[in-house]
file target.cif (mmCIF, C-alpha atoms, pLDDT in the B column; chains and numbers go by the auth columns)
data_start
#
loop_
_atom_site.group_PDB
_atom_site.id
_atom_site.type_symbol
_atom_site.label_atom_id
_atom_site.label_comp_id
_atom_site.label_asym_id
_atom_site.label_seq_id
_atom_site.Cartn_x
_atom_site.Cartn_y
_atom_site.Cartn_z
_atom_site.B_iso_or_equiv
_atom_site.auth_seq_id
_atom_site.auth_asym_id
ATOM 1 C CA MET A 1 -10.869 14.627 -2.054 67.00 1 A
ATOM 2 C CA LYS A 2 -14.188 14.650 -3.921 81.00 2 A
ATOM 3 C CA ASN A 3 -14.814 12.058 -6.618 84.00 3 A
ATOM 4 C CA SER A 4 -15.299 14.856 -9.135 85.00 4 A
ATOM 5 C CA ASP A 5 -11.709 15.972 -8.459 85.00 5 A
ATOM 6 C CA ILE A 6 -10.220 12.548 -9.138 90.00 6 A
ATOM 7 C CA ARG A 7 -8.836 11.799 -12.607 92.00 7 A
ATOM 8 C CA ILE A 8 -8.724 8.173 -13.752 95.00 8 A
ATOM 9 C CA LEU A 9 -7.083 6.964 -16.961 96.00 9 A
ATOM 10 C CA LEU A 10 -8.592 3.715 -18.258 96.00 10 A
ATOM 11 C CA VAL A 11 -6.419 1.854 -20.763 96.00 11 A
ATOM 12 C CA ASP A 12 -7.662 -1.188 -22.706 94.00 12 A
ATOM 13 C CA ASP A 13 -7.743 -2.287 -26.343 93.00 13 A
ATOM 14 C CA GLU A 14 -11.273 -3.691 -25.987 92.00 14 A
ATOM 15 C CA PRO A 15 -13.936 -1.033 -26.755 93.00 15 A
ATOM 16 C CA ASP A 16 -16.512 -2.878 -24.632 92.00 16 A
ATOM 17 C CA ILE A 17 -14.268 -2.672 -21.568 90.00 17 A
ATOM 18 C CA LEU A 18 -13.669 1.039 -22.080 92.00 18 A
ATOM 19 C CA GLU A 19 -17.381 1.636 -22.465 93.00 19 A
ATOM 20 C CA ILE A 20 -18.678 -0.506 -19.597 92.00 20 A
ATOM 21 C CA VAL A 21 -15.987 0.236 -17.014 91.00 21 A
ATOM 22 C CA GLY A 22 -15.840 3.894 -18.050 93.00 22 A
ATOM 23 C CA TYR A 23 -19.614 4.189 -17.662 93.00 23 A
ATOM 24 C CA ASN A 24 -19.547 2.765 -14.141 92.00 24 A
ATOM 25 C CA LEU A 25 -16.664 4.987 -13.073 93.00 25 A
ATOM 26 C CA LYS A 26 -18.360 8.082 -14.476 94.00 26 A
ATOM 27 C CA ASN A 27 -21.489 7.162 -12.498 94.00 27 A
ATOM 28 C CA GLU A 28 -19.351 7.392 -9.362 93.00 28 A
ATOM 29 C CA GLY A 29 -18.465 10.944 -10.325 94.00 29 A
ATOM 30 C CA TYR A 30 -14.859 10.350 -11.388 94.00 30 A
ATOM 31 C CA LYS A 31 -13.335 12.224 -14.307 94.00 31 A
ATOM 32 C CA ILE A 32 -12.471 9.522 -16.845 96.00 32 A
ATOM 33 C CA TYR A 33 -9.973 9.514 -19.713 96.00 33 A
ATOM 34 C CA THR A 34 -9.397 6.531 -21.986 96.00 34 A
ATOM 35 C CA ALA A 35 -6.625 5.105 -24.145 96.00 35 A
ATOM 36 C CA LYS A 36 -6.474 2.049 -26.429 94.00 36 A
ATOM 37 C CA ASN A 37 -2.770 1.105 -26.182 94.00 37 A
ATOM 38 C CA GLY A 38 0.429 1.783 -24.281 94.00 38 A
ATOM 39 C CA PHE A 39 1.629 4.627 -26.501 95.00 39 A
ATOM 40 C CA GLU A 40 -1.663 6.475 -26.135 95.00 40 A
ATOM 41 C CA ALA A 41 -1.680 5.779 -22.383 96.00 41 A
ATOM 42 C CA ILE A 42 1.669 7.502 -21.914 95.00 42 A
ATOM 43 C CA GLU A 43 0.565 10.586 -23.841 95.00 43 A
ATOM 44 C CA LYS A 44 -2.766 10.799 -21.997 95.00 44 A
ATOM 45 C CA ALA A 45 -0.980 10.356 -18.659 95.00 45 A
ATOM 46 C CA LYS A 46 1.407 13.219 -19.449 93.00 46 A
ATOM 47 C CA GLU A 47 -1.491 15.426 -20.544 92.00 47 A
ATOM 48 C CA HIS A 48 -3.921 14.797 -17.669 92.00 48 A
ATOM 49 C CA ILE A 49 -1.695 13.652 -14.748 90.00 49 A
ATOM 50 C CA PRO A 50 -4.244 11.135 -13.442 93.00 50 A
ATOM 51 C CA HIS A 51 -4.542 10.061 -9.832 90.00 51 A
ATOM 52 C CA LEU A 52 -5.063 6.459 -10.947 93.00 52 A
ATOM 53 C CA ILE A 53 -4.305 4.478 -14.116 95.00 53 A
ATOM 54 C CA ILE A 54 -6.184 1.223 -14.777 94.00 54 A
ATOM 55 C CA LEU A 55 -3.912 -0.496 -17.269 92.00 55 A
ATOM 56 C CA ASP A 56 -4.518 -3.620 -19.348 91.00 56 A
ATOM 57 C CA ILE A 57 -1.465 -5.845 -19.881 88.00 57 A
ATOM 58 C CA MET A 58 -2.182 -7.550 -23.200 86.00 58 A
ATOM 59 C CA MET A 59 -2.414 -4.761 -25.790 89.00 59 A
ATOM 60 C CA PRO A 60 -1.077 -4.270 -29.341 85.00 60 A
ATOM 61 C CA GLU A 61 1.810 -1.925 -30.196 86.00 61 A
ATOM 62 C CA MET A 62 2.933 -1.504 -26.575 92.00 62 A
ATOM 63 C CA ASP A 63 1.777 -3.754 -23.741 89.00 63 A
ATOM 64 C CA GLY A 64 0.896 -2.620 -20.238 91.00 64 A
ATOM 65 C CA ILE A 65 4.174 -3.773 -18.659 90.00 65 A
ATOM 66 C CA GLU A 66 6.276 -1.565 -20.936 92.00 66 A
ATOM 67 C CA ALA A 67 3.816 1.314 -20.653 93.00 67 A
ATOM 68 C CA CYS A 68 3.921 1.138 -16.852 92.00 68 A
ATOM 69 C CA GLU A 69 7.708 1.146 -16.861 90.00 69 A
ATOM 70 C CA LYS A 70 7.809 4.229 -19.092 93.00 70 A
ATOM 71 C CA ILE A 71 5.153 6.022 -17.033 93.00 71 A
ATOM 72 C CA ARG A 72 7.116 5.373 -13.832 88.00 72 A
ATOM 73 C CA ALA A 73 10.203 6.860 -15.517 87.00 73 A
ATOM 74 C CA THR A 74 8.341 10.047 -16.523 89.00 74 A
ATOM 75 C CA LYS A 75 8.867 13.085 -14.317 83.00 75 A
ATOM 76 C CA GLY A 76 5.657 13.986 -12.521 81.00 76 A
ATOM 77 C CA LEU A 77 4.156 10.508 -12.928 86.00 77 A
ATOM 78 C CA GLU A 78 6.447 8.555 -10.600 80.00 78 A
ATOM 79 C CA ASN A 79 3.851 8.193 -7.869 78.00 79 A
ATOM 80 C CA VAL A 80 0.588 7.934 -9.784 88.00 80 A
ATOM 81 C CA LEU A 81 -1.382 4.867 -8.693 89.00 81 A
ATOM 82 C CA ILE A 82 -1.321 2.083 -11.279 91.00 82 A
ATOM 83 C CA THR A 83 -3.410 -1.078 -11.160 90.00 83 A
ATOM 84 C CA PHE A 84 -3.201 -3.703 -13.876 89.00 84 A
ATOM 85 C CA PHE A 85 -6.462 -4.922 -15.393 83.00 85 A
ATOM 86 C CA THR A 86 -6.142 -8.128 -17.378 76.00 86 A
ATOM 87 C CA ALA A 87 -7.648 -11.511 -18.122 73.00 87 A
ATOM 88 C CA ARG A 88 -4.315 -13.186 -17.440 62.00 88 A
ATOM 89 C CA ASN A 89 -3.808 -14.542 -13.923 60.00 89 A
ATOM 90 C CA GLU A 90 -0.421 -16.285 -14.140 55.00 90 A
ATOM 91 C CA ASP A 91 2.005 -15.521 -11.316 57.00 91 A
ATOM 92 C CA TYR A 92 4.695 -14.340 -13.739 58.00 92 A
ATOM 93 C CA SER A 93 2.345 -11.659 -15.106 65.00 93 A
ATOM 94 C CA GLN A 94 1.668 -10.380 -11.617 64.00 94 A
ATOM 95 C CA MET A 95 5.353 -10.381 -10.725 69.00 95 A
ATOM 96 C CA ALA A 96 6.235 -8.598 -13.976 75.00 96 A
ATOM 97 C CA GLY A 97 3.662 -5.943 -13.087 72.00 97 A
ATOM 98 C CA PHE A 98 4.993 -5.396 -9.585 76.00 98 A
ATOM 99 C CA GLU A 99 8.561 -5.391 -10.918 78.00 99 A
ATOM 100 C CA VAL A 100 7.820 -2.250 -12.948 81.00 100 A
ATOM 101 C CA GLY A 101 5.975 -0.470 -10.142 79.00 101 A
ATOM 102 C CA ALA A 102 2.315 -1.523 -10.188 81.00 102 A
ATOM 103 C CA ASP A 103 0.306 -0.878 -7.024 81.00 103 A
ATOM 104 C CA ASP A 104 -2.350 -3.522 -7.526 81.00 104 A
ATOM 105 C CA TYR A 105 -3.598 -6.201 -9.889 80.00 105 A
ATOM 106 C CA VAL A 106 -7.207 -6.845 -10.965 83.00 106 A
ATOM 107 C CA THR A 107 -8.208 -9.921 -12.970 80.00 107 A
ATOM 108 C CA LYS A 108 -10.994 -9.845 -15.558 80.00 108 A
ATOM 109 C CA PRO A 109 -13.859 -10.479 -15.473 79.00 109 A
ATOM 110 C CA ILE A 110 -14.782 -8.467 -12.379 82.00 110 A
ATOM 111 C CA LYS A 111 -18.139 -7.154 -11.279 86.00 111 A
ATOM 112 C CA PRO A 112 -18.375 -3.347 -11.536 83.00 112 A
ATOM 113 C CA LYS A 113 -19.254 -2.993 -7.848 86.00 113 A
ATOM 114 C CA VAL A 114 -16.197 -5.012 -6.842 86.00 114 A
ATOM 115 C CA LEU A 115 -13.955 -2.967 -9.111 87.00 115 A
ATOM 116 C CA ILE A 116 -15.370 0.276 -7.703 89.00 116 A
ATOM 117 C CA SER A 117 -14.717 -0.998 -4.182 87.00 117 A
ATOM 118 C CA LYS A 118 -11.083 -1.787 -4.993 84.00 118 A
ATOM 119 C CA ILE A 119 -10.607 1.593 -6.647 87.00 119 A
ATOM 120 C CA LYS A 120 -12.026 3.387 -3.616 86.00 120 A
ATOM 121 C CA ALA A 121 -9.663 1.430 -1.370 81.00 121 A
ATOM 122 C CA LEU A 122 -6.685 2.463 -3.493 80.00 122 A
ATOM 123 C CA LEU A 123 -7.726 6.103 -3.620 82.00 123 A
ATOM 124 C CA ARG A 124 -8.263 6.204 0.144 76.00 124 A
ATOM 125 C CA ARG A 125 -4.593 5.432 0.527 64.00 125 A
ATOM 126 C CA VAL A 126 -3.796 8.607 -1.438 61.00 126 A
ATOM 127 C CA ASP A 127 -5.889 10.609 1.024 58.00 127 A
ATOM 128 C CA ASP A 128 -4.209 8.866 3.962 54.00 128 A
ATOM 129 C CA VAL A 129 -0.764 9.763 2.631 50.00 129 A
ATOM 130 C CA ASN A 130 -1.780 13.348 1.916 51.00 130 A
ATOM 131 C CA THR A 131 -3.073 13.840 5.462 47.00 131 A
ATOM 132 C CA GLU A 132 0.085 12.511 7.126 48.00 132 A
ATOM 133 C CA ALA A 133 2.644 14.886 8.598 44.00 133 A
ATOM 134 C CA SER A 134 4.837 16.309 5.838 48.00 134 A
ATOM 135 C CA GLU A 135 7.957 16.747 7.954 61.00 135 A
ATOM 136 C CA GLN A 136 11.320 15.239 7.075 71.00 136 A
ATOM 137 C CA ILE A 137 12.298 12.289 9.233 80.00 137 A
ATOM 138 C CA THR A 138 15.974 11.378 9.657 81.00 138 A
ATOM 139 C CA ILE A 139 16.831 7.728 10.249 82.00 139 A
ATOM 140 C CA GLY A 140 20.509 6.868 10.146 79.00 140 A
ATOM 141 C CA GLU A 141 21.920 8.010 6.806 83.00 141 A
ATOM 142 C CA PHE A 142 18.445 8.428 5.319 88.00 142 A
ATOM 143 C CA ILE A 143 15.992 11.323 5.293 87.00 143 A
ATOM 144 C CA ILE A 144 12.374 10.438 4.534 88.00 144 A
ATOM 145 C CA ASP A 145 10.551 13.396 2.986 85.00 145 A
ATOM 146 C CA ARG A 146 6.826 12.625 3.013 78.00 146 A
ATOM 147 C CA GLU A 147 5.913 15.937 1.404 74.00 147 A
ATOM 148 C CA GLU A 148 8.019 15.374 -1.719 76.00 148 A
ATOM 149 C CA TYR A 149 7.745 11.583 -1.487 78.00 149 A
ATOM 150 C CA VAL A 150 11.502 11.099 -1.799 84.00 150 A
ATOM 151 C CA ILE A 151 14.317 9.426 0.125 90.00 151 A
ATOM 152 C CA ILE A 152 17.503 11.452 0.632 88.00 152 A
ATOM 153 C CA LYS A 153 20.768 9.552 1.079 85.00 153 A
ATOM 154 C CA ASN A 154 24.146 11.299 1.165 77.00 154 A
ATOM 155 C CA CYS A 155 22.474 14.523 -0.062 77.00 155 A
ATOM 156 C CA LYS A 156 21.083 12.701 -3.098 85.00 156 A
ATOM 157 C CA LYS A 157 17.332 12.595 -3.654 86.00 157 A
ATOM 158 C CA MET A 158 15.822 9.317 -4.797 88.00 158 A
ATOM 159 C CA SER A 159 12.244 9.126 -6.010 86.00 159 A
ATOM 160 C CA LEU A 160 10.798 5.674 -5.353 86.00 160 A
ATOM 161 C CA PRO A 161 7.586 4.125 -6.686 85.00 161 A
ATOM 162 C CA ARG A 162 4.756 4.642 -4.205 84.00 162 A
ATOM 163 C CA LYS A 163 4.709 1.146 -2.704 88.00 163 A
ATOM 164 C CA GLU A 164 8.488 0.994 -2.362 90.00 164 A
ATOM 165 C CA PHE A 165 8.408 4.336 -0.546 91.00 165 A
ATOM 166 C CA GLU A 166 5.617 3.237 1.794 90.00 166 A
ATOM 167 C CA LEU A 167 7.318 -0.084 2.513 93.00 167 A
ATOM 168 C CA PHE A 168 10.619 1.632 3.279 93.00 168 A
ATOM 169 C CA ALA A 169 8.912 4.244 5.476 91.00 169 A
ATOM 170 C CA LEU A 170 7.126 1.505 7.422 92.00 170 A
ATOM 171 C CA LEU A 171 10.228 -0.614 8.061 93.00 171 A
ATOM 172 C CA ALA A 172 12.426 2.410 8.813 89.00 172 A
ATOM 173 C CA SER A 173 9.860 3.853 11.250 86.00 173 A
ATOM 174 C CA LYS A 174 11.088 1.334 13.831 86.00 174 A
ATOM 175 C CA PRO A 175 14.647 0.178 13.100 86.00 175 A
ATOM 176 C CA GLY A 176 15.277 -3.295 14.458 86.00 176 A
ATOM 177 C CA LYS A 177 11.603 -4.191 14.754 90.00 177 A
ATOM 178 C CA VAL A 178 10.527 -7.293 12.847 92.00 178 A
ATOM 179 C CA PHE A 179 7.440 -6.579 10.774 93.00 179 A
ATOM 180 C CA LYS A 180 5.399 -9.686 10.008 92.00 180 A
ATOM 181 C CA ARG A 181 4.448 -10.276 6.390 90.00 181 A
ATOM 182 C CA ASP A 182 0.713 -10.009 7.087 87.00 182 A
ATOM 183 C CA ASP A 183 1.222 -6.693 8.904 88.00 183 A
ATOM 184 C CA ILE A 184 3.265 -5.343 5.999 90.00 184 A
ATOM 185 C CA LEU A 185 0.580 -6.329 3.492 87.00 185 A
ATOM 186 C CA ASN A 186 -2.157 -4.749 5.606 84.00 186 A
ATOM 187 C CA GLN A 187 -0.306 -1.495 6.268 85.00 187 A
ATOM 188 C CA VAL A 188 1.220 -0.960 2.817 87.00 188 A
ATOM 189 C CA TRP A 189 -1.306 -2.574 0.487 82.00 189 A
ATOM 190 C CA GLY A 190 -4.414 -2.512 2.673 76.00 190 A
ATOM 191 C CA ASN A 191 -6.872 -5.196 3.721 61.00 191 A
ATOM 192 C CA GLU A 192 -9.049 -4.693 0.650 52.00 192 A
ATOM 193 C CA VAL A 193 -6.244 -5.168 -1.856 57.00 193 A
ATOM 194 C CA VAL A 194 -5.362 -8.737 -2.820 57.00 194 A
ATOM 195 C CA VAL A 195 -1.794 -9.220 -4.001 62.00 195 A
ATOM 196 C CA GLY A 196 0.405 -12.242 -4.623 61.00 196 A
ATOM 197 C CA GLY A 197 2.433 -13.815 -1.832 63.00 197 A
ATOM 198 C CA ARG A 198 5.759 -12.773 -3.409 80.00 198 A
ATOM 199 C CA THR A 199 4.823 -9.095 -3.724 85.00 199 A
ATOM 200 C CA ILE A 200 6.710 -8.062 -0.575 88.00 200 A
ATOM 201 C CA ASP A 201 9.806 -10.010 -1.672 90.00 201 A
ATOM 202 C CA VAL A 202 9.855 -8.232 -5.037 90.00 202 A
ATOM 203 C CA HIS A 203 9.656 -4.794 -3.394 92.00 203 A
ATOM 204 C CA ILE A 204 12.292 -5.660 -0.774 94.00 204 A
ATOM 205 C CA ARG A 205 14.649 -6.750 -3.541 93.00 205 A
ATOM 206 C CA LYS A 206 14.124 -3.420 -5.307 92.00 206 A
ATOM 207 C CA LEU A 207 14.852 -1.514 -2.079 94.00 207 A
ATOM 208 C CA ARG A 208 18.017 -3.525 -1.514 93.00 208 A
ATOM 209 C CA GLU A 209 19.207 -2.690 -5.019 92.00 209 A
ATOM 210 C CA LYS A 210 18.546 1.029 -4.576 91.00 210 A
ATOM 211 C CA LEU A 211 19.301 1.679 -0.889 90.00 211 A
ATOM 212 C CA GLY A 212 21.729 -1.018 0.163 88.00 212 A
ATOM 213 C CA ASP A 213 21.377 -4.717 0.840 89.00 213 A
ATOM 214 C CA ASN A 214 22.724 -4.466 4.401 90.00 214 A
ATOM 215 C CA HIS A 215 19.747 -2.395 5.631 91.00 215 A
ATOM 216 C CA PHE A 216 17.033 -5.003 4.991 94.00 216 A
ATOM 217 C CA LYS A 217 17.101 -8.254 6.930 94.00 217 A
ATOM 218 C CA THR A 218 14.943 -11.266 6.187 93.00 218 A
ATOM 219 C CA ILE A 219 13.558 -13.095 9.204 92.00 219 A
ATOM 220 C CA LYS A 220 12.765 -16.473 7.681 90.00 220 A
ATOM 221 C CA GLY A 221 9.147 -17.506 8.063 88.00 221 A
ATOM 222 C CA VAL A 222 8.243 -14.221 9.785 91.00 222 A
ATOM 223 C CA GLY A 223 8.958 -11.054 7.829 92.00 223 A
ATOM 224 C CA TYR A 224 11.515 -8.261 7.502 94.00 224 A
ATOM 225 C CA LYS A 225 13.289 -5.628 9.542 94.00 225 A
ATOM 226 C CA PHE A 226 15.268 -2.465 8.778 92.00 226 A
ATOM 227 C CA VAL A 227 18.672 -1.959 10.405 90.00 227 A
ATOM 228 C CA ILE A 228 20.736 1.213 10.418 80.00 228 A
ATOM 229 C CA ASP A 229 24.078 -0.533 10.545 64.00 229 A
ATOM 230 C CA GLU A 230 25.049 -3.946 9.253 47.00 230 A
ATOM 231 C CA ASP A 231 24.794 -6.653 11.946 41.00 231 A
#
call {"tool": "encode", "arguments": {"input": "target.cif", "output": "structure tokens"}}
result
Amino acid sequence: MKNSDIRILLVDDEPDILEIVGYNLKNEGYKIYTAKNGFEAIEKAKEHIPHLIILDIMMPEMDGIEACEKIRATKGLENVLITFFTARNEDYSQMAGFEVGADDYVTKPIKPKVLISKIKALLRRVDDVNTEASEQITIGEFIIDREEYVIIKNCKKMSLPRKEFELFALLASKPGKVFKRDDILNQVWGNEVVVGGRTIDVHIRKLREKLGDNHFKTIKGVGYKFVIDED
């Protein structure tokens, strides 16, 4: 996908951030839209269907956490990439972001070249997904539909946030195999994306809630595995 075809929504209540970051992204050829708060972000997202949303957390009227949650619940925006962009670096902020479906987390201040590099890494994952085989894969009671990005269980379609889908698809690709935590981070989030140590745990918990606790086994000190039937 060409940079000129990629739509990025930049959301921040600081005009300087919108101007400086927006300028650097436009120089890379991306099509940039901006919003100053969560309410405006949701409307702009519905209007332009961006490939990526860079979303500040601390904003007036509606913060980034609530905006992300509402965007994820909006039909057609379930799988848009979302990375939080904030000066706050507390663990609870990161966990709150991942809880509502964020794909990545960037802490201000950040050099424009570093931010561009992280954005390119995220967008490459979209291309990787789009070039994968779009067939339906049946594993136990589940059908993984890569074309529609949904999981089908008992004839019911479930649309998962992007990272939950990718994590499930990875674990379910080899039932019974123990995937080490580092391998999961590299394959789902990528080497160039830095996320907190509890990120995998948060996403596994979400999958257990949605797909069944008995399918996801924790191997203490190692990682996780997917099982078709309860041990």
call {"tool": "resolve_selection", "arguments": {"input": "target.cif", "expression": "the PyMOL selection byres ((chain A and resi 148) around 10)", "output": "number ranges by chain"}}
result
A: 134-136, 144-147, 149-151, 157, 159
call {"tool": "closest_residue", "arguments": {"input": "target.cif", "among": "A:Gly223, A:Gly140, A:Pro161, A:Gly29", "to": "Val80 (chain A)", "atoms": "all atoms listed in the file"}}
result
A:Pro161
call {"tool": "closest_residue", "arguments": {"input": "target.cif", "among": "A:Gly101, A:Gly76, A:Gly176, A:Gly212", "to": "Phe142 (chain A)", "atoms": "all atoms listed in the file"}}
result
A:Gly212
call {"tool": "resolve_selection", "arguments": {"input": "target.cif", "expression": "the PyMOL selection byres ((chain A and resi 224) around 7)", "output": "list in words"}}
result
Val178, Phe179, Lys180, Phe216, Lys217, Thr218, Ile219, Gly223 and Lys225 of chain A
call {"tool": "resolve_selection", "arguments": {"input": "target.cif", "expression": "the PyMOL selection byres ((chain A and resi 115) around 12)", "output": "PyMOL selection string"}}
result
chain A and resi 20-22+24-25+28+54+83-85+104-114+116-122+192-193
